[in-house]
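K.L.:
My questions will all concern the structure given below.
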Amino acid sequence: GAQQQTTNKMNHIKTVDEKLYSRQLYVMGHEAQRRMMASHALLIGASGLGAEVAKNCILAGISSITLCDPNPANSFDLGGNFYLKEADVGSSSSRAELCKGKLAELNKYVSVKVADMPSLEKEAILNLVDGMSVVVITIPLPTDILHAINEKCREVNASFIYTLSTGLFGKVFCDFGKDFVVSDKDGENPASSQVENIIASNPAVVKVLEDQGRHGLETGDFVTFSRVKGLDGLIDEKSRQYEVKVTGPYTFELVGCDFSAASSPATQGYITQVKKPVSMSFKTYADALEDPGELMMSDFAKSDRPPILHLAYKALALYSEKNALQYPQPGDDNVAQQVLDLAKSIDSDNILDGNAAAERIILHLASGSRSILSPMCAALGGIVGQELLKACSGKFTPINGFLYFDADECLPEKLLPQTEVSPTGSRYDSQIAVFGKTAQQKLLDLNYFLVGAGAIGCEMLKNWALMGVGCGEKGHIHITDMDRIEKSNLSRQFLFRDDDISEFKSSTAARAAKVMNTDMNISDYVEKVGSDTEHLFGDDFYDKLDGVCTALDNVEARLYVDQRCLFYRLPMLESGTLGTKGNTQVVVPHLTENYGATRDPPEKSIPVCTLKNFPNQIQHTLQWARDYFEGEFKQSAEDVNSYLASPNFAETLAKEQNTKLDTVKSIRRTLVAERPTRFEDCVVWARLKFEELFKNQISQLLHNFPEDQVTSTGTKFWSGSKRCPKPLAFDLYSKCEDAGMRNHFDFIVAAANLRASMFGIKGRNDEEYFRDVLNNVIVPDFVPKAGVKIASNESEAKEEAEVTNRGGEMDVDTECEEILNELPKQSELAGFQLTPVDFDKDIDEHMLFVTACSNLRALNYSIPTEDTHRSRAIAGRIIPAIATTTALVTGLICLELYKITGTSQKELQLDALKNGFVNLAIPFMTLSEPTAPAKTKAILEGKEWNWTAWDSLDFNMGDITLQEFLDIFEQKYRLDVSMLSYNVSILFSFFANRKKVEERKKMKMSEVVTSVSKKQLPPNQLFIILEVIANDLDTDEEVEL
């Protein structure tokens, strides 16, 4: 079938552009990427939803996409198609032709074609299906044509997807055939764990190391083993997959395995889950219309909604086919009623009987059905785009049948009058048809701050340009991002092109958004948002805003913005993605809790002694390699430069008593003992470093802790998570089994070239040269050192550090002085400087070193090695990313913006807001009501007050004196202030010097603040934030404020 054809075509695809698809490859993998690169899609419909689907699959890198849409552009299309302009309405060119050029710019590897056809005739469309991997229809077509296309897809083994976006309602249908094979149902990394022991029994029982977490397996899963120690070699590591029967979170049996004859249990090893392909069967569109089966849920608060929408869309199709495929005019009550009547006439399940809420949904769907809303197109385009990629790649679980999605919480309770929703011929007709002209003006006048111009920032700006956010006379958008554009950004940050590489993201994104909507008022910045830029983003800045939207990639920055929004009482729209997973959170003053109210626990750090001497996972060896890179190629050069640039270097060192000896030793090594003058010296240095790191240090460790060492309790020292290492003998041609890399050779090449770049020496990579130099390197034999102490656990490591910090200061000072005297004087090296190397995960030479260094250490400890691609993800802490998830979460966020901005005839309530979590791989989506803010009770003025984090006592009385401030508390709130503080400065307290207190009482509050804090207030500061401790004057009890 189509999957086999794709496999055959894959054989002709040799390389994947890892620089371009870097972040996506961590989601899809190389095999799935190659499958996509051999796949062809037919897209019928190039309005808003069609443009979104096309954008997402072109960015993902399929082989070709054929656009089929002979229809001209209309004003409603401008609500969702970001490549159409107002001048295109009424053009003789079709929507497909108008979009082709811009879509083709997104990815040079993808062929974008336009089908040459004057109208959407059945036979002409069917002829296009041949040779396609998937057909996606995004506009309404007659039911008989849909059935014919679906049947043709089955004949040629192509997947069939039908999707519609109608106002705030949408549908998706998928039919991938009778026997569609899913190679990886969820995209999660295979479960992995480490063996504590495998009991020699029948059946064999496996116990995993508990400190590495649960095994994560289910009965019926299959696993493989590697590096198993013991059990007389009965475990087949090469070819066998073992079936599992789970007996506990840390134990399982191996089905059908009798290891009772083994003389001893296994004591160490690695376990990896085997992910098996899954076959799925789908219904045709004709069969599913009549018997949809279980409908996928998107919001569990609307469990009755999918059947209602299934009925509503059938009625809408009946209406359109009776009216030349035209949907109802916005706000026409009579026509909307006709659609409802049609629904009632086919309601065999009596869904609508006495169900006024369901009738309201159908009326709203009918009234707004012509509307093409950017947020809905983005959300559905993300979902459908991923379904298209599933069809092409065979990776992840497709939607089996129908998905219905709506955001009716954005809508008013009743249909708006026709005068409010009738088309005006403007680019905002789609939104006006749903929300009315008054609500549209509110969107135009919004002032928003977008923090971040990466993937989410680009998608958000696109949506806002189409929605008209900040495009009115009173509106404005501010966007900031300090990063520059890199090639790896281009596969999902769709406002950027090859020519933009190295430009600032914020300014480039702002320019691109202005092209989409020339009325957009936008200011771009290249500043980080934080305490050090409050002179720019201060009181006067936030005071003019209506809200903040975050498009950030770290929690720390989000928490800072959250505190700003909390203080200024501004809505915050927050979203994030991780591969196919995405989340959204809407924060509204007083209605919801703030972002920082609940936090995930911090990540556990790797213990120092594990990193230094007892690694057992590739994450440990990669962190060790990263740390070594930092010390050897960056810190050592910076130390030398500091010495050369500072005449009083000894005084600077005195401030760093704990590290100064290591610093001067490093300077002596780098500047004197190991200073190269030619590239050959760098190669020799690298070879000796190999010997030191991967042979001598391991030999010393085994000298201190021999393989047969036993602890005081009688257990083997090298057991459990402590893996007994073995020294490596250098072999230029050695290749590791797991990753297939020449780690010995790669380490020498990368280390020598990095060392050369530090010293400004030209490097080289030819193997013959390295082989000749290495053959002549004299490597000293290892001699174990006596008296070397090695910490065997974390507590011993801490004790050693404390002893080092406490004792021997005189010896340290003397030794430092001696070494400094040996160093060449700064005057002798005038103009000489080293070039520190900052680690960059996207520079191949850096990653080659880190990968080789990590793998060599892994080989020392019999840990499975990893290739450069996987190592880059772990060492660089790369967040997997794909355009589809980004489009979906920004669409969901913009739906919340509609609610916050306000819709006519409706007051915003907590239950109308939705936080979202999605996983496009499974697929799964859940929208839920946000949590209300926590309340604190207090008695003020004899009444019970319920404070939340959003509340404060606000005084808008100008720059009053401290005495006047205290009087307000006493007279208005019956409170006696016992302490008043500003940041870390105490301005007033009951125990302070009475004379000073009396002096301050006469001063203006601004004067008190500057006098005590010794800092002038910034000119853009409009507010002073004070913290108060006070007692009730009547009860003398402290009041919790």
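All residue names refer to the structure tokens as shown: chains lettered A, B, ... in order, residues numbered from 1 in each chain, ligands numbered from 1 in order.
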List as a PyMOL selection string the protein and nucleic acid residues near Ser575 (chain A), meaning an atom at most 7 Å away when only C-alpha atoms are counted, but skip any in the same chain fewer than 5 places from it.
P.N.:
chain A and resi 551+583-585+889
K.L.:
Name all residues at most 12 Å from Cys57 (chain A) (count only C-alpha atoms; drop same-chain ones fewer than 3 positions away) and give them as a VMD selection string.
P.N.:
chain A and resid 24 33 36 to 37 39 to 43 50 to 54 60 to 66 103 to 104 106 to 107 109 to 112 134 136 381 to 393 491 to 492 494 882 to 885 887
K.L.:
Keeping only N, CA and C atoms, take the residues you just selected and write them out as a compact mmCIF listing (two decimals), in the first residue's frame.
P.N.:
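Contents of again_1.txt, freshly written:
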# COMPACT_ATOMS: atom_id res chain seq x y z
N GLN A 24 12.86 19.11 15.33
CA GLN A 24 11.79 18.20 14.91
C GLN A 24 12.23 16.75 14.93
N GLN A 33 11.16 10.91 9.60
CA GLN A 33 11.46 12.09 8.78
C GLN A 33 11.71 11.68 7.33
N MET A 36 8.44 10.96 5.67
CA MET A 36 7.73 12.19 5.29
C MET A 36 8.34 12.80 4.03
N MET A 37 9.67 12.74 3.95
CA MET A 37 10.37 13.33 2.80
C MET A 37 10.12 12.55 1.51
N SER A 39 6.90 11.46 0.88
CA SER A 39 5.43 11.44 0.80
C SER A 39 4.88 12.65 0.06
N HIS A 40 3.69 12.47 -0.53
CA HIS A 40 3.04 13.51 -1.32
C HIS A 40 1.62 13.73 -0.81
N ALA A 41 1.23 14.98 -0.69
CA ALA A 41 -0.10 15.32 -0.16
C ALA A 41 -0.89 16.13 -1.16
N LEU A 42 -2.19 15.86 -1.20
CA LEU A 42 -3.13 16.67 -1.98
C LEU A 42 -3.98 17.44 -0.98
N LEU A 43 -3.98 18.77 -1.09
CA LEU A 43 -4.75 19.62 -0.18
C LEU A 43 -5.84 20.32 -0.97
N GLY A 50 -6.91 25.55 5.32
CA GLY A 50 -6.02 24.95 4.33
C GLY A 50 -4.63 25.54 4.39
N ALA A 51 -4.54 26.87 4.55
CA ALA A 51 -3.23 27.53 4.64
C ALA A 51 -2.47 27.05 5.86
N GLU A 52 -3.16 26.87 6.99
CA GLU A 52 -2.51 26.39 8.22
C GLU A 52 -1.97 24.97 8.03
N VAL A 53 -2.78 24.08 7.46
CA VAL A 53 -2.34 22.70 7.26
C VAL A 53 -1.14 22.67 6.31
N ALA A 54 -1.24 23.45 5.22
CA ALA A 54 -0.14 23.49 4.26
C ALA A 54 1.14 23.99 4.91
N ALA A 60 7.37 20.82 8.09
CA ALA A 60 7.80 19.51 8.56
C ALA A 60 8.65 18.79 7.52
N GLY A 61 8.49 19.15 6.23
CA GLY A 61 9.39 18.61 5.22
C GLY A 61 8.89 17.41 4.45
N ILE A 62 7.57 17.37 4.09
CA ILE A 62 7.12 16.30 3.20
C ILE A 62 7.71 16.56 1.81
N SER A 63 7.59 15.59 0.91
CA SER A 63 8.20 15.74 -0.41
C SER A 63 7.49 16.78 -1.25
N SER A 64 6.15 16.69 -1.34
CA SER A 64 5.43 17.66 -2.16
C SER A 64 4.01 17.83 -1.65
N ILE A 65 3.43 18.98 -1.98
CA ILE A 65 2.03 19.24 -1.67
C ILE A 65 1.39 19.91 -2.89
N THR A 66 0.25 19.40 -3.28
CA THR A 66 -0.50 19.96 -4.41
C THR A 66 -1.72 20.68 -3.87
N LEU A 103 3.92 30.03 0.41
CA LEU A 103 4.06 28.71 1.03
C LEU A 103 5.36 28.05 0.57
N ALA A 104 5.70 28.21 -0.70
CA ALA A 104 6.92 27.59 -1.23
C ALA A 104 8.17 28.13 -0.56
N LEU A 106 8.62 28.63 2.48
CA LEU A 106 8.79 28.08 3.83
C LEU A 106 9.86 27.00 3.90
N ASN A 107 10.03 26.23 2.80
CA ASN A 107 10.97 25.11 2.86
C ASN A 107 11.42 24.77 1.44
N TYR A 109 13.06 22.38 0.40
CA TYR A 109 13.06 20.96 0.09
C TYR A 109 11.67 20.45 -0.34
N VAL A 110 10.65 21.26 -0.21
CA VAL A 110 9.28 20.82 -0.49
C VAL A 110 8.79 21.44 -1.79
N SER A 111 8.26 20.59 -2.66
CA SER A 111 7.69 21.06 -3.92
C SER A 111 6.23 21.45 -3.69
N VAL A 112 5.89 22.71 -4.00
CA VAL A 112 4.52 23.20 -3.84
C VAL A 112 3.94 23.44 -5.23
N VAL A 134 -1.59 11.05 1.00
CA VAL A 134 -2.69 11.52 1.84
C VAL A 134 -3.44 12.62 1.10
N VAL A 136 -6.19 15.72 1.95
CA VAL A 136 -6.81 16.51 3.01
C VAL A 136 -7.79 17.50 2.39
N GLY A 381 -5.62 23.44 12.44
CA GLY A 381 -4.49 23.23 11.52
C GLY A 381 -3.36 22.49 12.19
N GLY A 382 -3.15 22.72 13.49
CA GLY A 382 -2.14 21.96 14.23
C GLY A 382 -2.53 20.50 14.35
N ILE A 383 -3.80 20.26 14.67
CA ILE A 383 -4.29 18.88 14.82
C ILE A 383 -4.23 18.15 13.48
N VAL A 384 -4.80 18.76 12.43
CA VAL A 384 -4.87 18.12 11.12
C VAL A 384 -3.47 17.99 10.51
N GLY A 385 -2.63 19.01 10.71
CA GLY A 385 -1.26 18.92 10.21
C GLY A 385 -0.55 17.70 10.77
N GLN A 386 -0.75 17.43 12.07
CA GLN A 386 -0.11 16.26 12.68
C GLN A 386 -0.72 14.97 12.15
N GLU A 387 -2.04 14.97 11.89
CA GLU A 387 -2.67 13.77 11.32
C GLU A 387 -2.09 13.49 9.93
N LEU A 388 -1.86 14.54 9.15
CA LEU A 388 -1.24 14.37 7.84
C LEU A 388 0.15 13.76 7.98
N LEU A 389 0.92 14.25 8.95
CA LEU A 389 2.27 13.71 9.16
C LEU A 389 2.22 12.27 9.66
N LYS A 390 1.20 11.92 10.44
CA LYS A 390 1.03 10.52 10.87
C LYS A 390 0.79 9.64 9.65
N ALA A 391 -0.05 10.13 8.72
CA ALA A 391 -0.36 9.37 7.52
C ALA A 391 0.91 9.14 6.70
N CYS A 392 1.77 10.14 6.65
CA CYS A 392 3.00 10.05 5.85
C CYS A 392 4.08 9.19 6.53
N SER A 393 4.18 9.31 7.83
CA SER A 393 5.31 8.70 8.55
C SER A 393 4.99 7.38 9.23
N SER A 491 12.39 25.53 10.86
CA SER A 491 11.43 24.45 10.66
C SER A 491 10.15 24.64 11.46
N ARG A 492 10.07 25.70 12.29
CA ARG A 492 8.84 25.92 13.04
C ARG A 492 8.56 27.40 13.30
N PHE A 494 7.89 30.24 11.57
CA PHE A 494 7.61 30.36 10.15
C PHE A 494 7.68 31.79 9.61
N ILE A 882 7.91 20.94 17.32
CA ILE A 882 7.35 20.73 15.99
C ILE A 882 6.27 21.77 15.77
N ALA A 883 6.12 22.21 14.52
CA ALA A 883 5.24 23.34 14.21
C ALA A 883 3.78 23.07 14.55
N THR A 884 3.35 21.81 14.43
CA THR A 884 1.93 21.50 14.64
C THR A 884 1.47 21.80 16.06
N THR A 885 2.26 21.38 17.03
CA THR A 885 1.89 21.62 18.44
C THR A 885 1.88 23.11 18.74
N ALA A 887 1.27 25.59 16.65
CA ALA A 887 0.07 26.19 16.06
C ALA A 887 -1.15 25.92 16.93
K.L.:
Considering only C-alpha atoms, return as a list in words whatever protein or nucleic-acid residues lie within 12 Å of Ser827 (chain A), sequence-local ones (same chain, fewer than 6 positions apart) excluded.
P.N.:
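Listing them by chain and then by number gives Tyr643, Leu644, Ala645, Ser646 and Pro647 of chain A.
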K.L.:
Just the number, please: distance in Å from CA of Leu128 (chain A) to CA of Asn56 (chain A), one decimal.
P.N.:
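According to the coordinates, CA of Leu128 (chain A) and CA of Asn56 (chain A) are separated by 21.4 Å.
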K.L.:
As JSON, numbers by chain, which residues of region 6-202 of chain A does DSSP assign to strand (DSSP E or B)?
P.N.:
{"A": [40, 41, 42, 43, 44, 64, 65, 66, 67, 68, 72, 94, 111, 112, 113, 114, 134, 135, 136, 137, 159, 160, 161, 162, 163, 164, 165, 166, 169, 170, 171, 172, 173, 174, 175, 180, 181, 182, 184, 192, 193, 194, 195, 196, 197, 198, 199]}
K.L.:
Report as CSV: every residue of region 324-398 of chain A with an atom at most 6 Å from region 890-900 of chain A, its closest pair of atoms, and their distance in Å to one decimal, counting only C-alpha atoms, with rows sorted by chain and ascending residue number.
P.N.:
residue,atom,partner,partner_atom,distance
A:Pro375,CA,A:Gly891,CA,4.1
A:Ala378,CA,A:Gly891,CA,4.9
A:Ala379,CA,A:Gly891,CA,4.6
K.L.:
Counting only C-alpha atoms, what is within 8 Å of Asn197 (chain A), bar same-chain residues fewer than 3 positions away, as JSON, numbers by chain?
P.N.:
{"A": [206, 207, 208, 265, 266, 267, 268]}
K.L.:
Excluding Tyr26 (chain A) and any residue of its chain fewer than 4 positions from it, enumerate the residues within 9 Å of it, using only C-alpha atoms, and give them as a list of chain:residue names.
P.N.:
A:Tyr21, A:Ser22, A:His30, A:Gly579, A:His869, A:Arg870, A:Ala873, A:Ile878, A:Ile879, A:Pro880, A:Ala881
K.L.:
Compare A:Ala453, A:Ile308, A:Leu415, A:Val850 by their minimum atom-to-atom distance to Phe435 (chain A), counting only C-alpha atoms, and give me the closest one.
P.N.:
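Looking only at the distances to Phe435 (chain A), the closest residue turns out to be A:Leu415.
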K.L.:
Can you pull out every residue within 9 Å of Thr143 (chain A), counting only C-alpha atoms, but drop anything in the same chain fewer than 5 positions away, and send it as a PyMOL selection string?
P.N.:
chain A and resi 148+286+317-318+321
K.L.:
Can you tell me how far CA of Phe300 (chain A) sits from CA of Asn919 (chain A), in Å to one decimal?
P.N.:
15.5 Å
K.L.:
What parts of region 966-1006 of chain A does DSSP call alpha helix (DSSP H)? I'd like the answer as a list of chain:residue names.
P.N.:
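Reading the DSSP output for region 966-1006 of chain A, alpha helix (DSSP H) covers A:Leu966, A:Asp967, A:Ile968, A:Phe969, A:Glu970, A:Gln971, A:Lys972, A:Tyr973, A:Arg994, A:Lys995, A:Lys996, A:Val997, A:Glu998, A:Glu999, A:Arg1000, A:Lys1001, A:Met1005, A:Ser1006.
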K.L.:
For each of A:Arg240, A:Lys487, A:Lys665, A:His478, take the minimum atom-to-atom distance to Glu817 (chain A), counting only C-alpha atoms, then give the residue where this is smallest.
P.N.:
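Going through A:Arg240, A:Lys487, A:Lys665, A:His478 one by one, the smallest distance to Glu817 (chain A) is for A:Lys665.
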K.L.:
Under the rule that only C-alpha atoms are counted, which of A:Thr936, A:Gln329, A:Ser734, A:Gln635 is the nearest residue to Ala852 (chain A)?
P.N.:
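Using only C-alpha atoms, the shortest distance to Ala852 (chain A) belongs to A:Ser734.
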K.L.:
For the atom pair CA of Lys85 (chain A) and CA of Pro328 (chain A), what is the interatomic distance in Å to one decimal place?
P.N.:
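These two atoms are separated by 24.4 Å.
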K.L.:
Taking only C-alpha atoms into account, name the residue in A:Leu622, A:Glu799, A:Trp947, A:Asp88 that is nearest to Glu866 (chain A).
P.N.:
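For Glu866 (chain A), the nearest of the given residues is A:Leu622.
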K.L.:
So, counting only C-alpha atoms, which residue among A:Gly740, A:Met1003, A:Leu1041, A:Glu907 is closest to Leu940 (chain A)?
P.N.:
A:Leu1041
K.L.:
Near Tyr568 (chain A), within 12 Å and counting only C-alpha atoms, which residues show up once chain neighbours fewer than 2 positions away are dropped, as a count of residues only?
P.N.:
31
K.L.:
Restricting the calculation to only C-alpha atoms: of A:Lys474, A:Arg771, A:Lys914, A:Lys1015, which residue gets closest to Asp299 (chain A)?
P.N.:
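Looking only at the distances to Asp299 (chain A), the closest residue turns out to be A:Lys914.
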